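Here is the structure we will look at, set down as structure tokens.
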Amino acid sequence: MDFFRKTLGGLKGSYYFRHFVFGAAISLLFIYIARQNPNGVEAGSIIFFIINAILYPYARFVYEQIIGFVLGDNVFYINAIVMLVAKFITMALCWIFSIFIAPLGLAYLYYHHSKAENQP
């Protein structure tokens, strides 16, 4: 039980919920697109979309940690349209690859919470 608390419960609830909503919205978009197929939707596709929605917050966590490390506290002034397009692209990429990226975030959360627990 401690393992699940340190990994799956490692993000703040509000952070997880916010990114879960975005991941679920992307999944629903892909399910809608898949339903337009005259042959129907494969069960494997639906399962993949659901897994991606669940893991998306952890993949996004990894992405934001890397970007925070690379950019630091720098502020960039760019066109809002360009920023929104970049945001949607990064959201889509994090969602698509969440099954591969999220385990890194879960491992980091486990390490971080285990280390914090062992400190006096």
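For the structure tokens, the naming scheme is as follows: chains receive sequential letters (A, B, ...) according to their order of presentation, residues are indexed from 1 within each chain, and ligands are indexed from 1 in presentation order.
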
Could you pull the residues within 12 Å of A:Ser45, counting only C-alpha atoms, minus those fewer than 6 positions along the same chain, as a PyMOL selection string?
chain A and resi 27-28+30-35+51-52

Tell me, as an NGL selection string, which residues lie within 9 Å of A:Cys94, counting only C-alpha atoms; anything in the same chain fewer than 3 positions away does not count.
:A and (56-57 or 59-60 or 63 or 89-91 or 97-98 or 101-102)

Could you tell me, as an NGL selection string, which residues of stretch 11-88 of chain A DSSP assigns to helix (DSSP H, G or I) when given the backbone?
:A and (13-35 or 43-71 or 80-88)

Go through A:Val21, A:Gly72, A:Tyr16, A:Ile26 and flag the residue nearest A:Ile96, using only C-alpha atoms for the distances.
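Closest candidate: A:Ile26.
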
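Minimum atom-to-atom distances from A:Val41, A:Ala86, A:Ile47, A:Ala53 to A:Phe20 were compared using only C-alpha atoms, and the lowest value belongs to A:Ala53.
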